[in-house]
Amino acid sequence: MLKNRKIALFVGCFAVLALMLQFNLNNKLDFPTCEDKKLLVTDIAFFVDIGVLERNKKVDVENRIIDMLGVANSTLENSCINLQRRLDTVYYEDLQNIPQQGTEYALKHDELIWKMDSKKRELFITNPTKYIVAIYKQLPGDVIGYTHAAHASRFVVLSYEANNFALEHELGHLALAGHESNDEPRLFGGSAKIAHAYRCGNVRSIMNEDRSSGDLAPFYSSPNIRFKNESCGLLNDANNTEQLIRWTRLLEANIDLYQSLGVID
Ligand SMILES: [Zn+2]
């Protein structure tokens, strides 16, 4: 009992320390004042594998999802990207196999969409603002999440062990944001020139996978964000914020087109 209390105290102290550290990082980061722009809301349906429930209650799973969405929205807000992530539904299903690249991944997306009722299914097929995220108890190796945008452009696979940054990191990939510039190109043969992550001071932008270069912080690379006197991006070479803003514009144009054709309301 005492031992457990000591562990609880230790965990509690660690959580407080982590929060203080996050507060300090965000305090040193200087985010720009954003222009007033209409937010484009993207709805996300989560399919949680029942294996996750072996050790977690539904309420804990749903709180985790809310935390991930919170980090995603802080990241977008801090970067002045007029996108918002919103929870649609949480489904609990036996997701069976973890899809590998390509056809398997696309088939898993289709399989999940067919678990929705017909009205919702139609919405998730036709509306470009609707996303699906599959959460497994664990993914192979040390992978915590992935996307294959060329095979299913609105589908993310996550591990329940992922950190809270992983959701927006993967959604960033679906908007064709890329990793730091020395990373191997992998999205359609390489990211756009601007679509690279960055680090400033001892923090790294959300798409930066190089753990040795600092702690993750809730922002996309941008020359308009600063850490003390250091820029957190390069206008033409490390500006995932601009990539996401362009992506949002494309989404808005698609929505206008689909509405004019009567495909969506
Ligand atoms: Zn990545």
# chains A, B, ... in the order shown; residues from 1 in each chain; ligands from 1
>>> residues_around(residues="segment 26-39 of chain A", least_positions_apart="6", cutoff="8 Å", atoms="only C-alpha atoms", output="list in words")
Asn78, Ser79, Cys80, Asn82, Leu83, Gln84, Ala217, Asn224, Ile225, Arg226, Phe227 and Lys228 of chain A
>>> write_last_selection(atoms="C-alpha atoms", output="compact mmCIF listing (two decimals), in the first residue's frame")
# COMPACT_ATOMS: atom_id res chain seq x y z
CA ASN A 78 -0.57 28.57 -32.53
CA SER A 79 0.38 28.33 -36.21
CA CYS A 80 -2.55 30.52 -37.43
CA ASN A 82 -7.72 28.18 -40.02
CA LEU A 83 -8.49 24.47 -39.54
CA GLN A 84 -10.14 22.83 -36.58
CA ALA A 217 5.93 21.54 -29.15
CA ASN A 224 6.54 33.75 -38.04
CA ILE A 225 6.99 31.70 -34.87
CA ARG A 226 10.03 32.40 -32.70
CA PHE A 227 11.84 30.81 -29.81
CA LYS A 228 13.57 33.72 -28.04
>>> closest_atom_pairs(of="chain A", to="ligand 1", cutoff="12 Å", atoms="only C-alpha atoms and all ligand atoms", output="tab-separated table")
residue	atom	partner	partner_atom_place_in_ligand_line	distance
A:Val143	CA	ligand 1	1 (Zn)	10.0
A:Ile144	CA	ligand 1	1 (Zn)	9.7
A:Gly145	CA	ligand 1	1 (Zn)	7.9
A:Tyr146	CA	ligand 1	1 (Zn)	7.0
A:Thr147	CA	ligand 1	1 (Zn)	8.4
A:His148	CA	ligand 1	1 (Zn)	10.7
A:Ala149	CA	ligand 1	1 (Zn)	11.9
A:Val156	CA	ligand 1	1 (Zn)	11.3
A:Val157	CA	ligand 1	1 (Zn)	11.9
A:Leu158	CA	ligand 1	1 (Zn)	11.7
A:Phe165	CA	ligand 1	1 (Zn)	10.8
A:Ala166	CA	ligand 1	1 (Zn)	8.4
A:Leu167	CA	ligand 1	1 (Zn)	10.3
A:Glu168	CA	ligand 1	1 (Zn)	9.9
A:His169	CA	ligand 1	1 (Zn)	6.2
A:Glu170	CA	ligand 1	1 (Zn)	6.2
A:Leu171	CA	ligand 1	1 (Zn)	9.5
A:Gly172	CA	ligand 1	1 (Zn)	8.3
A:His173	CA	ligand 1	1 (Zn)	6.6
A:Leu174	CA	ligand 1	1 (Zn)	10.0
A:Ala175	CA	ligand 1	1 (Zn)	11.7
A:Leu176	CA	ligand 1	1 (Zn)	10.2
A:Ala177	CA	ligand 1	1 (Zn)	8.6
A:Gly178	CA	ligand 1	1 (Zn)	6.9
A:His179	CA	ligand 1	1 (Zn)	6.1
A:Glu180	CA	ligand 1	1 (Zn)	9.5
A:Asp183	CA	ligand 1	1 (Zn)	9.9
A:Glu184	CA	ligand 1	1 (Zn)	10.9
A:Pro185	CA	ligand 1	1 (Zn)	10.9
A:Arg186	CA	ligand 1	1 (Zn)	9.7
A:Leu187	CA	ligand 1	1 (Zn)	10.0
A:Ser191	CA	ligand 1	1 (Zn)	11.5
A:Ala195	CA	ligand 1	1 (Zn)	11.9
A:His196	CA	ligand 1	1 (Zn)	10.7
A:Ala197	CA	ligand 1	1 (Zn)	9.9
A:Ser205	CA	ligand 1	1 (Zn)	11.5
A:Ile206	CA	ligand 1	1 (Zn)	9.0
A:Met207	CA	ligand 1	1 (Zn)	6.1
A:Asn208	CA	ligand 1	1 (Zn)	7.6
A:Glu209	CA	ligand 1	1 (Zn)	6.7
A:Asp210	CA	ligand 1	1 (Zn)	10.4
>>> atom_distance(atom1="atom CA of Tyr105 of chain A", atom2="atom CA of Leu87 of chain A")
22.2 Å
>>> atom_distance(atom1="atom CA of Asp49 of chain A", atom2="atom CA of Gln138 of chain A")
9.9 Å
